[in-house]
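Asker: The structure file model-v6.cif (mmCIF, C-alpha atoms) is provided below.
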data_run
#
loop_
_atom_site.group_PDB
_atom_site.id
_atom_site.type_symbol
_atom_site.label_atom_id
_atom_site.label_comp_id
_atom_site.auth_asym_id
_atom_site.auth_seq_id
_atom_site.Cartn_x
_atom_site.Cartn_y
_atom_site.Cartn_z
ATOM 1 C CA MET A 1 74.074 7.490 -49.790
ATOM 2 C CA LEU A 2 77.713 6.515 -50.138
ATOM 3 C CA SER A 3 79.056 3.041 -49.314
ATOM 4 C CA TYR A 4 82.236 1.122 -50.106
ATOM 5 C CA ALA A 5 83.836 -2.347 -49.619
ATOM 6 C CA GLN A 6 87.367 -3.862 -50.068
ATOM 7 C CA ILE A 7 87.613 -6.252 -53.030
ATOM 8 C CA PRO A 8 89.078 -9.499 -51.702
ATOM 9 C CA GLY A 9 92.611 -10.285 -53.048
ATOM 10 C CA THR A 10 93.233 -6.810 -54.456
ATOM 11 C CA GLN A 11 94.173 -3.358 -53.309
ATOM 12 C CA GLU A 12 91.035 -1.841 -54.863
ATOM 13 C CA VAL A 13 87.863 -0.608 -53.222
ATOM 14 C CA LEU A 14 84.367 -0.739 -54.646
ATOM 15 C CA VAL A 15 82.392 2.463 -54.078
ATOM 16 C CA LEU A 16 78.554 2.662 -54.435
ATOM 17 C CA ILE A 17 76.709 5.969 -54.654
ATOM 18 C CA GLN A 18 72.841 5.839 -54.449
ATOM 19 C CA SER A 19 70.313 8.714 -54.273
ATOM 20 C CA TRP A 20 67.934 9.044 -51.319
ATOM 21 C CA SER A 21 64.796 9.041 -53.504
ATOM 22 C CA LEU A 22 65.768 5.772 -55.153
ATOM 23 C CA LEU A 23 66.792 4.238 -51.843
ATOM 24 C CA PHE A 24 63.528 5.026 -50.005
ATOM 25 C CA THR A 25 61.040 4.284 -52.803
ATOM 26 C CA PRO A 26 60.108 0.821 -51.410
ATOM 27 C CA ALA A 27 59.777 2.301 -47.895
ATOM 28 C CA LEU A 28 57.486 5.046 -49.176
ATOM 29 C CA ASN A 29 55.176 2.434 -50.682
ATOM 30 C CA TYR A 30 54.958 0.674 -47.331
ATOM 31 C CA GLN A 31 54.317 3.959 -45.566
ATOM 32 C CA VAL A 32 51.405 4.714 -47.869
ATOM 33 C CA LEU A 33 50.040 1.241 -47.175
ATOM 34 C CA LEU A 34 50.415 1.703 -43.417
ATOM 35 C CA VAL A 35 48.707 5.099 -43.556
ATOM 36 C CA GLY A 36 45.855 3.567 -45.529
ATOM 37 C CA LEU A 37 45.515 0.729 -43.036
ATOM 38 C CA LEU A 38 45.567 3.240 -40.182
ATOM 39 C CA VAL A 39 42.835 5.333 -41.815
ATOM 40 C CA CYS A 40 40.723 2.217 -42.484
ATOM 41 C CA GLY A 41 41.233 1.023 -38.921
ATOM 42 C CA THR A 42 40.225 4.403 -37.549
ATOM 43 C CA LEU A 43 37.091 4.506 -39.714
ATOM 44 C CA LEU A 44 36.195 0.948 -38.715
ATOM 45 C CA SER A 45 36.685 1.785 -35.036
ATOM 46 C CA LEU A 46 34.478 4.855 -35.374
ATOM 47 C CA LEU A 47 31.826 2.749 -37.130
ATOM 48 C CA MET A 48 31.915 0.106 -34.408
ATOM 49 C CA LEU A 49 31.770 2.831 -31.738
ATOM 50 C CA SER A 50 28.776 4.382 -33.447
ATOM 51 C CA VAL A 51 27.010 1.029 -33.626
ATOM 52 C CA SER A 52 27.790 0.341 -29.953
ATOM 53 C CA ILE A 53 26.518 3.755 -28.891
ATOM 54 C CA GLY A 54 23.388 3.171 -30.951
ATOM 55 C CA ARG A 55 22.819 -0.170 -29.226
ATOM 56 C CA ILE A 56 23.022 1.599 -25.884
ATOM 57 C CA LEU A 57 21.013 4.700 -26.786
ATOM 58 C CA GLN A 58 18.178 2.845 -28.519
ATOM 59 C CA PRO A 59 17.055 0.897 -25.415
ATOM 60 C CA ILE A 60 17.415 4.074 -23.352
ATOM 61 C CA LYS A 61 15.229 5.921 -25.854
ATOM 62 C CA GLU A 62 12.677 3.115 -25.636
ATOM 63 C CA LEU A 63 12.777 3.382 -21.848
ATOM 64 C CA VAL A 64 12.192 7.132 -22.033
ATOM 65 C CA ASP A 65 9.288 6.725 -24.471
ATOM 66 C CA SER A 66 7.729 3.989 -22.340
ATOM 67 C CA ALA A 67 8.153 6.041 -19.171
ATOM 68 C CA GLN A 68 6.444 9.033 -20.787
ATOM 69 C CA SER A 69 3.551 6.904 -22.033
ATOM 70 C CA ALA A 70 3.155 4.814 -18.849
ATOM 71 C CA VAL A 71 0.123 6.717 -17.558
ATOM 72 C CA PRO A 72 -2.578 5.114 -15.386
ATOM 73 C CA GLY A 73 -5.009 3.111 -17.489
ATOM 74 C CA SER A 74 -2.711 2.722 -20.498
ATOM 75 C CA ILE A 75 -1.716 -0.649 -21.919
ATOM 76 C CA PHE A 76 1.884 -1.518 -21.160
ATOM 77 C CA HIS A 77 3.958 -4.040 -23.062
ATOM 78 C CA PRO A 78 7.201 -5.135 -21.348
ATOM 79 C CA LEU A 79 10.332 -3.913 -23.108
ATOM 80 C CA PRO A 80 12.853 -6.477 -24.412
ATOM 81 C CA GLU A 81 15.832 -6.810 -22.095
ATOM 82 C CA ARG A 82 18.912 -6.185 -24.216
ATOM 83 C CA GLY A 83 22.158 -4.265 -24.225
ATOM 84 C CA PRO A 84 24.923 -4.285 -21.615
ATOM 85 C CA SER A 85 24.368 -5.983 -18.274
ATOM 86 C CA GLU A 86 23.641 -2.685 -16.507
ATOM 87 C CA LEU A 87 21.086 -1.674 -19.131
ATOM 88 C CA HIS A 88 19.649 -5.176 -19.057
ATOM 89 C CA ALA A 89 19.111 -4.869 -15.289
ATOM 90 C CA LEU A 90 17.650 -1.358 -15.665
ATOM 91 C CA THR A 91 15.112 -2.563 -18.253
ATOM 92 C CA ALA A 92 14.130 -5.517 -16.075
ATOM 93 C CA SER A 93 13.616 -3.201 -13.083
ATOM 94 C CA PHE A 94 11.562 -0.794 -15.197
ATOM 95 C CA ASN A 95 9.344 -3.616 -16.481
ATOM 96 C CA GLN A 96 8.797 -4.880 -12.954
ATOM 97 C CA MET A 97 8.035 -1.381 -11.670
ATOM 98 C CA VAL A 98 5.447 -0.655 -14.356
ATOM 99 C CA ILE A 99 3.840 -4.082 -13.924
ATOM 100 C CA GLN A 100 3.525 -3.489 -10.178
ATOM 101 C CA LEU A 101 2.120 -0.020 -10.865
ATOM 102 C CA ALA A 102 -0.483 -1.509 -13.204
ATOM 103 C CA GLU A 103 -1.408 -4.117 -10.593
ATOM 104 C CA GLN A 104 -1.766 -1.425 -7.944
ATOM 105 C CA GLN A 105 -3.939 0.678 -10.230
ATOM 106 C CA THR A 106 -6.121 -2.350 -10.955
ATOM 107 C CA ALA A 107 -6.373 -3.183 -7.263
ATOM 108 C CA LEU A 108 -7.213 0.444 -6.481
ATOM 109 C CA ARG A 109 -10.015 0.501 -9.058
ATOM 110 C CA GLN A 110 -11.366 -2.764 -7.695
ATOM 111 C CA PHE A 111 -11.117 -1.409 -4.173
ATOM 112 C CA ALA A 112 -13.053 1.713 -5.170
ATOM 113 C CA GLN A 113 -15.709 -0.423 -6.851
ATOM 114 C CA GLN A 114 -16.009 -2.743 -3.863
ATOM 115 C CA ALA A 115 -16.061 0.248 -1.519
ATOM 116 C CA LEU A 116 -18.999 1.722 -3.424
ATOM 117 C CA LEU A 117 -20.820 -1.611 -3.286
ATOM 118 C CA SER A 118 -20.105 -1.915 0.434
ATOM 119 C CA GLN A 119 -21.344 1.629 0.944
ATOM 120 C CA GLU A 120 -24.607 0.810 -0.784
ATOM 121 C CA GLU A 121 -24.912 -2.415 1.216
ATOM 122 C CA GLU A 122 -24.307 -0.488 4.436
ATOM 123 C CA ARG A 123 -26.951 2.051 3.480
ATOM 124 C CA GLN A 124 -29.376 -0.756 2.702
ATOM 125 C CA ARG A 125 -28.575 -2.424 6.046
ATOM 126 C CA LEU A 126 -29.154 0.828 7.932
ATOM 127 C CA SER A 127 -32.391 1.355 6.026
ATOM 128 C CA LEU A 128 -33.602 -2.118 6.970
ATOM 129 C CA GLU A 129 -32.569 -1.627 10.603
ATOM 130 C CA LEU A 130 -34.418 1.667 10.771
ATOM 131 C CA HIS A 131 -37.479 0.266 8.990
ATOM 132 C CA ASP A 132 -37.697 -3.094 10.761
ATOM 133 C CA GLY A 133 -36.583 -1.877 14.179
ATOM 134 C CA THR A 134 -36.836 1.804 14.961
ATOM 135 C CA VAL A 135 -39.746 2.653 12.655
ATOM 136 C CA GLN A 136 -41.794 -0.332 13.845
ATOM 137 C CA ASP A 137 -41.111 0.597 17.462
ATOM 138 C CA LEU A 138 -42.231 4.155 16.766
ATOM 139 C CA VAL A 139 -45.387 2.861 15.074
ATOM 140 C CA GLY A 140 -46.101 0.671 18.102
ATOM 141 C CA LEU A 141 -45.380 3.630 20.359
ATOM 142 C CA ALA A 142 -47.910 5.772 18.506
ATOM 143 C CA GLN A 143 -50.570 3.016 18.645
ATOM 144 C CA ARG A 144 -50.106 2.488 22.372
ATOM 145 C CA LEU A 145 -50.262 6.234 22.956
ATOM 146 C CA GLU A 146 -53.621 6.244 21.205
ATOM 147 C CA LEU A 147 -54.837 3.324 23.351
ATOM 148 C CA CYS A 148 -53.541 5.003 26.470
ATOM 149 C CA ARG A 149 -55.373 8.186 25.553
ATOM 150 C CA SER A 150 -58.664 6.341 25.130
ATOM 151 C CA GLU A 151 -58.219 4.508 28.463
ATOM 152 C CA MET A 152 -57.198 7.529 30.558
ATOM 153 C CA GLU A 153 -60.804 8.204 31.628
ATOM 154 C CA SER A 154 -62.419 4.772 31.382
ATOM 155 C CA ASN A 155 -59.656 2.628 32.931
ATOM 156 C CA PRO A 156 -56.874 4.640 34.666
ATOM 157 C CA GLY A 157 -55.174 1.490 36.003
ATOM 158 C CA ARG A 158 -54.911 0.012 32.552
ATOM 159 C CA ALA A 159 -53.678 3.362 31.249
ATOM 160 C CA LYS A 160 -50.902 3.310 33.842
ATOM 161 C CA ILE A 161 -49.815 -0.131 32.639
ATOM 162 C CA ARG A 162 -49.825 1.224 29.101
ATOM 163 C CA LEU A 163 -47.587 4.098 30.193
ATOM 164 C CA ASP A 164 -45.087 1.684 31.732
ATOM 165 C CA GLU A 165 -45.025 -0.274 28.473
ATOM 166 C CA LEU A 166 -44.546 2.970 26.542
ATOM 167 C CA ARG A 167 -41.595 3.919 28.729
ATOM 168 C CA GLY A 168 -39.908 0.565 28.125
ATOM 169 C CA LEU A 169 -40.569 0.763 24.394
ATOM 170 C CA ALA A 170 -39.239 4.324 24.221
ATOM 171 C CA GLN A 171 -36.080 3.304 26.080
ATOM 172 C CA SER A 172 -35.576 0.358 23.713
ATOM 173 C CA THR A 173 -35.979 2.661 20.714
ATOM 174 C CA ILE A 174 -33.472 5.116 22.193
ATOM 175 C CA ASN A 175 -30.962 2.299 22.661
ATOM 176 C CA GLU A 176 -31.383 1.134 19.066
ATOM 177 C CA VAL A 177 -30.892 4.651 17.712
ATOM 178 C CA ARG A 178 -27.842 5.091 19.966
ATOM 179 C CA GLN A 179 -26.321 1.847 18.623
ATOM 180 C CA ILE A 180 -26.828 2.972 15.035
ATOM 181 C CA SER A 181 -25.326 6.375 15.862
ATOM 182 C CA ASN A 182 -22.299 4.802 17.555
ATOM 183 C CA ALA A 183 -21.746 2.549 14.551
ATOM 184 C CA LEU A 184 -21.696 5.583 12.272
ATOM 185 C CA ARG A 185 -19.648 7.851 14.551
ATOM 186 C CA PRO A 186 -18.593 6.598 18.010
ATOM 187 C CA SER A 187 -19.580 9.214 20.580
ATOM 188 C CA VAL A 188 -17.050 7.931 23.123
ATOM 189 C CA LEU A 189 -14.262 8.809 20.693
ATOM 190 C CA GLN A 190 -15.507 12.359 20.342
ATOM 191 C CA ASP A 191 -16.321 12.873 24.021
ATOM 192 C CA LEU A 192 -13.565 11.004 25.895
ATOM 193 C CA GLY A 193 -10.784 10.582 23.330
ATOM 194 C CA LEU A 194 -8.894 7.775 21.639
ATOM 195 C CA PRO A 195 -7.561 5.849 24.693
ATOM 196 C CA ALA A 196 -11.037 5.595 26.209
ATOM 197 C CA ALA A 197 -12.532 4.553 22.864
ATOM 198 C CA LEU A 198 -9.971 1.747 22.502
ATOM 199 C CA GLY A 199 -10.843 0.629 26.019
ATOM 200 C CA VAL A 200 -14.514 0.454 25.021
ATOM 201 C CA LEU A 201 -13.561 -1.713 22.037
ATOM 202 C CA CYS A 202 -11.809 -4.091 24.441
ATOM 203 C CA GLN A 203 -14.865 -4.227 26.682
ATOM 204 C CA GLU A 204 -17.164 -4.964 23.745
ATOM 205 C CA LEU A 205 -14.856 -7.784 22.606
ATOM 206 C CA LYS A 206 -14.854 -9.339 26.075
ATOM 207 C CA GLN A 207 -18.654 -9.089 26.241
ATOM 208 C CA SER A 208 -19.131 -10.783 22.864
ATOM 209 C CA MET A 209 -16.359 -13.382 23.464
ATOM 210 C CA PRO A 210 -16.001 -13.989 27.241
ATOM 211 C CA ALA A 211 -13.144 -16.469 26.716
ATOM 212 C CA ILE A 212 -10.874 -13.671 25.447
ATOM 213 C CA GLN A 213 -8.835 -11.435 27.726
ATOM 214 C CA CYS A 214 -8.451 -8.025 26.095
ATOM 215 C CA GLU A 215 -6.128 -5.314 27.410
ATOM 216 C CA SER A 216 -5.689 -1.749 26.212
ATOM 217 C CA ARG A 217 -2.454 0.109 27.042
ATOM 218 C CA LEU A 218 -1.390 3.722 26.609
ATOM 219 C CA ASN A 219 2.295 4.418 27.146
ATOM 220 C CA GLU A 220 2.259 8.214 27.013
ATOM 221 C CA LEU A 221 -0.319 10.955 26.699
ATOM 222 C CA PRO A 222 -0.163 12.667 23.307
ATOM 223 C CA MET A 223 1.176 16.192 23.226
ATOM 224 C CA ASN A 224 1.040 16.725 27.022
ATOM 225 C CA GLY A 225 -2.564 15.639 27.314
ATOM 226 C CA ARG A 226 -3.897 17.418 24.244
ATOM 227 C CA ARG A 227 -5.929 15.509 21.701
ATOM 228 C CA LEU A 228 -4.756 14.356 18.286
ATOM 229 C CA GLN A 229 -6.515 15.613 15.187
ATOM 230 C CA PRO A 230 -10.032 14.129 14.965
ATOM 231 C CA ASP A 231 -9.458 12.492 11.567
ATOM 232 C CA ILE A 232 -6.271 10.789 12.813
ATOM 233 C CA GLU A 233 -8.052 9.569 15.955
ATOM 234 C CA LEU A 234 -10.881 8.201 13.828
ATOM 235 C CA ALA A 235 -8.434 6.417 11.483
ATOM 236 C CA ILE A 236 -6.668 4.741 14.427
ATOM 237 C CA PHE A 237 -10.006 3.797 15.989
ATOM 238 C CA ARG A 238 -11.316 2.266 12.741
ATOM 239 C CA VAL A 239 -8.154 0.220 12.217
ATOM 240 C CA ALA A 240 -8.370 -1.159 15.760
ATOM 241 C CA GLN A 241 -12.087 -1.804 15.306
ATOM 242 C CA GLU A 242 -11.491 -3.710 12.061
ATOM 243 C CA ALA A 243 -8.683 -5.726 13.658
ATOM 244 C CA LEU A 244 -10.995 -6.826 16.484
ATOM 245 C CA THR A 245 -13.731 -7.584 13.959
ATOM 246 C CA ASN A 246 -11.334 -9.925 12.148
ATOM 247 C CA ILE A 247 -10.620 -11.646 15.478
ATOM 248 C CA ARG A 248 -14.342 -12.182 16.015
ATOM 249 C CA LYS A 249 -14.780 -13.647 12.539
ATOM 250 C CA HIS A 250 -11.656 -15.709 11.960
ATOM 251 C CA ALA A 251 -9.625 -16.190 15.168
ATOM 252 C CA GLN A 252 -11.789 -18.535 17.199
ATOM 253 C CA GLN A 253 -8.823 -19.925 19.189
ATOM 254 C CA VAL A 254 -7.604 -16.520 20.417
ATOM 255 C CA THR A 255 -7.499 -16.146 24.204
ATOM 256 C CA GLN A 256 -5.490 -12.934 24.626
ATOM 257 C CA VAL A 257 -5.674 -9.620 22.763
ATOM 258 C CA GLN A 258 -3.558 -6.562 23.475
ATOM 259 C CA ILE A 259 -4.036 -3.063 22.058
ATOM 260 C CA TRP A 260 -0.995 -0.835 22.502
ATOM 261 C CA LEU A 261 -1.062 2.883 21.767
ATOM 262 C CA ASN A 262 2.309 4.654 21.858
ATOM 263 C CA PHE A 263 3.435 8.201 21.110
ATOM 264 C CA ASP A 264 6.694 9.990 20.504
ATOM 265 C CA GLU A 265 7.536 13.475 19.257
ATOM 266 C CA GLN A 266 6.747 12.728 15.619
ATOM 267 C CA PHE A 267 4.610 9.589 15.330
ATOM 268 C CA VAL A 268 1.745 7.691 16.909
ATOM 269 C CA TYR A 269 1.878 3.868 16.931
ATOM 270 C CA LEU A 270 -0.940 1.332 17.157
ATOM 271 C CA ASP A 271 -0.316 -2.367 17.703
ATOM 272 C CA VAL A 272 -3.157 -4.898 17.910
ATOM 273 C CA HIS A 273 -1.769 -8.312 18.843
ATOM 274 C CA ASP A 274 -3.472 -11.664 19.436
ATOM 275 C CA ASN A 275 -2.128 -15.092 20.343
ATOM 276 C CA GLY A 276 -3.972 -17.025 17.649
ATOM 277 C CA GLN A 277 -2.511 -19.556 15.244
ATOM 278 C CA GLY A 278 -1.618 -16.900 12.693
ATOM 279 C CA THR A 279 -2.163 -16.812 8.962
ATOM 280 C CA GLU A 280 -0.205 -16.021 5.842
ATOM 281 C CA LYS A 281 0.540 -12.382 5.050
ATOM 282 C CA PRO A 282 -2.557 -11.016 3.306
ATOM 283 C CA ASN A 283 -2.448 -10.359 -0.427
ATOM 284 C CA ILE A 284 -4.314 -7.067 -0.695
ATOM 285 C CA SER A 285 -5.017 -7.326 -4.416
ATOM 286 C CA GLN A 286 -6.428 -10.827 -4.036
ATOM 287 C CA LEU A 287 -8.532 -9.805 -1.041
ATOM 288 C CA VAL A 288 -9.988 -6.859 -2.973
ATOM 289 C CA ARG A 289 -10.810 -9.102 -5.937
ATOM 290 C CA ASN A 290 -12.604 -11.476 -3.553
ATOM 291 C CA GLY A 291 -14.577 -8.646 -1.992
ATOM 292 C CA HIS A 292 -12.814 -8.662 1.424
ATOM 293 C CA LEU A 293 -12.118 -5.003 2.124
ATOM 294 C CA GLY A 294 -11.052 -5.192 5.783
ATOM 295 C CA TYR A 295 -7.283 -5.369 5.345
ATOM 296 C CA ALA A 296 -7.416 -3.191 2.227
ATOM 297 C CA GLY A 297 -9.314 -0.517 4.155
ATOM 298 C CA MET A 298 -6.733 -0.559 6.948
ATOM 299 C CA TYR A 299 -3.869 -0.183 4.462
ATOM 300 C CA GLU A 300 -5.626 2.670 2.674
ATOM 301 C CA ARG A 301 -6.358 4.511 5.934
ATOM 302 C CA ALA A 302 -2.678 4.363 6.852
ATOM 303 C CA ARG A 303 -1.565 5.559 3.406
ATOM 304 C CA LEU A 304 -4.156 8.362 3.440
ATOM 305 C CA PHE A 305 -2.378 10.035 6.377
ATOM 306 C CA GLY A 306 1.167 9.401 5.155
ATOM 307 C CA GLY A 307 1.736 6.398 7.400
ATOM 308 C CA LYS A 308 2.196 2.691 6.904
ATOM 309 C CA LEU A 309 0.638 -0.526 8.142
ATOM 310 C CA GLU A 310 2.258 -3.931 8.506
ATOM 311 C CA VAL A 311 0.718 -7.303 9.272
ATOM 312 C CA THR A 312 2.978 -9.964 10.779
ATOM 313 C CA SER A 313 1.628 -13.408 11.522
ATOM 314 C CA THR A 314 3.286 -16.651 12.604
ATOM 315 C CA PRO A 315 1.899 -19.869 14.124
ATOM 316 C CA VAL A 316 4.048 -19.302 17.236
ATOM 317 C CA SER A 317 3.581 -15.613 18.061
ATOM 318 C CA GLY A 318 0.118 -15.011 16.584
ATOM 319 C CA THR A 319 -0.945 -12.014 14.529
ATOM 320 C CA SER A 320 0.127 -8.401 14.995
ATOM 321 C CA ILE A 321 -1.272 -5.415 13.103
ATOM 322 C CA GLN A 322 1.042 -2.418 13.456
ATOM 323 C CA MET A 323 0.241 1.064 12.159
ATOM 324 C CA LYS A 324 2.503 4.132 12.250
ATOM 325 C CA LEU A 325 1.086 7.605 11.549
ATOM 326 C CA PRO A 326 2.734 11.025 11.713
ATOM 327 C CA ARG A 327 1.324 13.170 14.529
#
Starting from the file, lay out its structure as structure tokens.
Answerer:
Amino acid sequence: MLSYAQIPGTQEVLVLIQSWSLLFTPALNYQVLLVGLLVCGTLLSLLMLSVSIGRILQPIKELVDSAQSAVPGSIFHPLPERGPSELHALTASFNQMVIQLAEQQTALRQFAQQALLSQEEERQRLSLELHDGTVQDLVGLAQRLELCRSEMESNPGRAKIRLDELRGLAQSTINEVRQISNALRPSVLQDLGLPAALGVLCQELKQSMPAIQCESRLNELPMNGRRLQPDIELAIFRVAQEALTNIRKHAQQVTQVQIWLNFDEQFVYLDVHDNGQGTEKPNISQLVRNGHLGYAGMYERARLFGGKLEVTSTPVSGTSIQMKLPR
């Protein structure tokens, strides 16, 4: 590098010649320092990025491991909610989902246990009804037949009275057996179809509770008059039957009950509505734990056929049980 300057007060000029290597030595030192700082900064950034990625991937890995091990019956421990806000929300949702799944599994096991107990109780009740009612009537029928046989020759008038008594006893026994048969499988449902069976339920409710006005409505015949599948008809009938049973047990102030059966191209709808005071929305898990299987049975029947059931209840509008099933 060549530079010069005029010397003040003289005619002479000062000339300075300096080599490039000597001139840029200090700058080269700074360049080396800057390169070193750049390399260190890059390494530090990569380290921080690696740590950040690890903080994100570790909770995700824990989520994956927990999801793979979250099988029915296993013990689940909620995962700690950490990481970015999105991952924090995802972990919280996963914990809530698995907790609800565990509660549903517990409720389902309790429901199965209570259902087995109820089945045994129902069998015991039927056994007692048959033993104390039908069997005793048949025993009395056989004894009176024997008396009638012995009196046929000695006292025909008395034998005729015995025959009249036998006819009444036989008719009573037939009625008892028919009631038991209808409780197990309603013949009106099989013979006349779902709308007629719902109408019979209304009539039975009005006979047992004369203060209640019950109405059954059918908006449209299913599939141009053809019947639904028998298992779907039975599920709808049982839900309506259980709803009316709940009215008999718990809704003493009900005066009006309406059963609506509607159809469209894809679904069948059942709505059982009463004008009672209403109750809180039932907690199925709590009801199962307490041994009340009515609502739980209705929910399970709807889910069994790919449908859904909703219970809405308010003090103003009463209680409505609505079920939707695919046709």
Asker: With distances taken over all atoms listed in the file, which residue among A:Gln253, A:Gln229, A:Thr319, A:Gln136 lies nearest His273 of chain A?
Answerer: A:Thr319
Asker: Within 12 Å of (-3.8, -4.8, 12.6), only C-alpha atoms: residues as number ranges by chain?
Answerer: A: 236-247, 257-260, 269-274, 281-282, 294-299, 301-302, 308-313, 318-324
Asker: Just how far from atom CA of Gln104 of chain A is atom CA of Ala92 of chain A, in Å to one decimal?
Answerer: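 Calculated distance between atom CA of Ala92 of chain A and atom CA of Gln104 of chain A is 18.3 Å.
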Asker: Of the residues A:Gln110, A:Gln213, A:Gln207, A:Asn219, which is the one nearest to Asp264 of chain A, using only C-alpha atoms?
Answerer: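 Smallest separation from Asp264 of chain A among the options: A:Asn219.
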Asker: So what do you get for atom CA of Leu189 of chain A versus atom CA of Leu138 of chain A, distance-wise?
Answerer: 28.6 Å
Asker: Atom CA of Leu57 of chain A and atom CA of Ala102 of chain A, how far apart in Å?
Answerer: 26.2 Å
Asker: Excluding Arg144 of chain A and residues on its chain fewer than 4 positions from it, collect all residues at most 10 Å away from it, counting all atoms listed in the file, and give them as an MDAnalysis selection string.
Answerer: chainID A and resid 138:140 148:150 159 162:163 165:166 169
Asker: Would you pick out the contacts of Gly306 of chain A at 7 Å or less, using only C-alpha atoms, so that residues sharing its chain but fewer than 3 positions from it are not included, and give the list as a list in words?
Answerer: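 Here the answer would be Ala302, Arg303, Leu325 and Pro326 of chain A.
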Asker: Excluding Met1 of chain A and any residue of its chain fewer than 6 positions from it, enumerate the residues within 9 Å of it, using all atoms listed in the file, and give them as a ChimeraX atom specification.
Answerer: /A:16-20,23
Asker: Using C-alpha atoms, can you write the selected residues to a file as a short mmCIF file (atom, residue, chain, number, x, y, z; two decimals), in the coordinates of the input?
Answerer:
data_model
loop_
_atom_site.label_atom_id
_atom_site.label_comp_id
_atom_site.auth_asym_id
_atom_site.auth_seq_id
_atom_site.Cartn_x
_atom_site.Cartn_y
_atom_site.Cartn_z
CA LEU A 16 78.55 2.66 -54.44
CA ILE A 17 76.71 5.97 -54.65
CA GLN A 18 72.84 5.84 -54.45
CA SER A 19 70.31 8.71 -54.27
CA TRP A 20 67.93 9.04 -51.32
CA LEU A 23 66.79 4.24 -51.84
#
Asker: Draw an axis-aligned box over all listed atoms of segment 47-57 of chain A, pad each side with 6 Å, and write its centre and edge lengths in Å, one decimal, as AutoDock Vina command-line options.
Answerer:
--center_x 26.5 --center_y 2.3 --center_z -31.5 --size_x 22.9 --size_y 16.9 --size_z 23.2
Asker: I'd like the contact shell of Glu176 of chain A - 8 Å cut-off, only C-alpha atoms, skipping same-chain residues fewer than 3 positions apart - returned as a VMD selection string.
Answerer: chain A and resid 133 to 134 172 to 173 179 to 180
Asker: I'd like the contact shell of Glu81 of chain A - 10 Å cut-off, only C-alpha atoms, skipping same-chain residues fewer than 2 positions apart - returned as a PDB file with C-alpha atoms, in the frame of the given file.
Answerer:
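Resulting contents of around10.pdb:
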ATOM      1  CA  PRO A  59      17.055   0.897 -25.415  1.00  0.00           C
ATOM      2  CA  PRO A  78       7.201  -5.135 -21.348  1.00  0.00           C
ATOM      3  CA  LEU A  79      10.332  -3.913 -23.108  1.00  0.00           C
ATOM      4  CA  GLY A  83      22.158  -4.265 -24.225  1.00  0.00           C
ATOM      5  CA  PRO A  84      24.923  -4.285 -21.615  1.00  0.00           C
ATOM      6  CA  SER A  85      24.368  -5.983 -18.274  1.00  0.00           C
ATOM      7  CA  LEU A  87      21.086  -1.674 -19.131  1.00  0.00           C
ATOM      8  CA  HIS A  88      19.649  -5.176 -19.057  1.00  0.00           C
ATOM      9  CA  ALA A  89      19.111  -4.869 -15.289  1.00  0.00           C
ATOM     10  CA  LEU A  90      17.650  -1.358 -15.665  1.00  0.00           C
ATOM     11  CA  THR A  91      15.112  -2.563 -18.253  1.00  0.00           C
ATOM     12  CA  ALA A  92      14.130  -5.517 -16.075  1.00  0.00           C
ATOM     13  CA  SER A  93      13.616  -3.201 -13.083  1.00  0.00           C
ATOM     14  CA  ASN A  95       9.344  -3.616 -16.481  1.00  0.00           C
TER      15      ASN A  95
END
Asker: Here's the selection I'm unsure about, the PyMOL selection byres ((chain A and resi 194) around 10); applied to the file above, which residues does it give, as an MDAnalysis selection string?
Answerer: chainID A and resid 188:193 195:200 218 227:228 230 232:234 236:237 261
Asker: Let's have the selection written as a short mmCIF file (atom, residue, chain, number, x, y, z; two decimals), keeping the file's coordinate frame, with C-alpha atoms.
Answerer:
data_model
loop_
_atom_site.label_atom_id
_atom_site.label_comp_id
_atom_site.auth_asym_id
_atom_site.auth_seq_id
_atom_site.Cartn_x
_atom_site.Cartn_y
_atom_site.Cartn_z
CA VAL A 188 -17.05 7.93 23.12
CA LEU A 189 -14.26 8.81 20.69
CA GLN A 190 -15.51 12.36 20.34
CA ASP A 191 -16.32 12.87 24.02
CA LEU A 192 -13.56 11.00 25.90
CA GLY A 193 -10.78 10.58 23.33
CA PRO A 195 -7.56 5.85 24.69
CA ALA A 196 -11.04 5.60 26.21
CA ALA A 197 -12.53 4.55 22.86
CA LEU A 198 -9.97 1.75 22.50
CA GLY A 199 -10.84 0.63 26.02
CA VAL A 200 -14.51 0.45 25.02
CA LEU A 218 -1.39 3.72 26.61
CA ARG A 227 -5.93 15.51 21.70
CA LEU A 228 -4.76 14.36 18.29
CA PRO A 230 -10.03 14.13 14.96
CA ILE A 232 -6.27 10.79 12.81
CA GLU A 233 -8.05 9.57 15.96
CA LEU A 234 -10.88 8.20 13.83
CA ILE A 236 -6.67 4.74 14.43
CA PHE A 237 -10.01 3.80 15.99
CA LEU A 261 -1.06 2.88 21.77
#
Asker: Any chance you could resolve the PyMOL selection byres ((chain A and resi 265) around 8) against this file and give the residues as an MDAnalysis selection string?
Answerer: chainID A and resid 223 263:264 266:267 327
Asker: Would you write out, as a list in words, every residue that the PyMOL selection byres ((chain A and resi 317) around 8) captures in this file?
Answerer: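 Taken over the shown coordinates, the PyMOL selection byres ((chain A and resi 317) around 8) returns Asn275, Gly276, Gln277, Gly278, Ser313, Thr314, Pro315, Val316, Gly318 and Thr319 of chain A.
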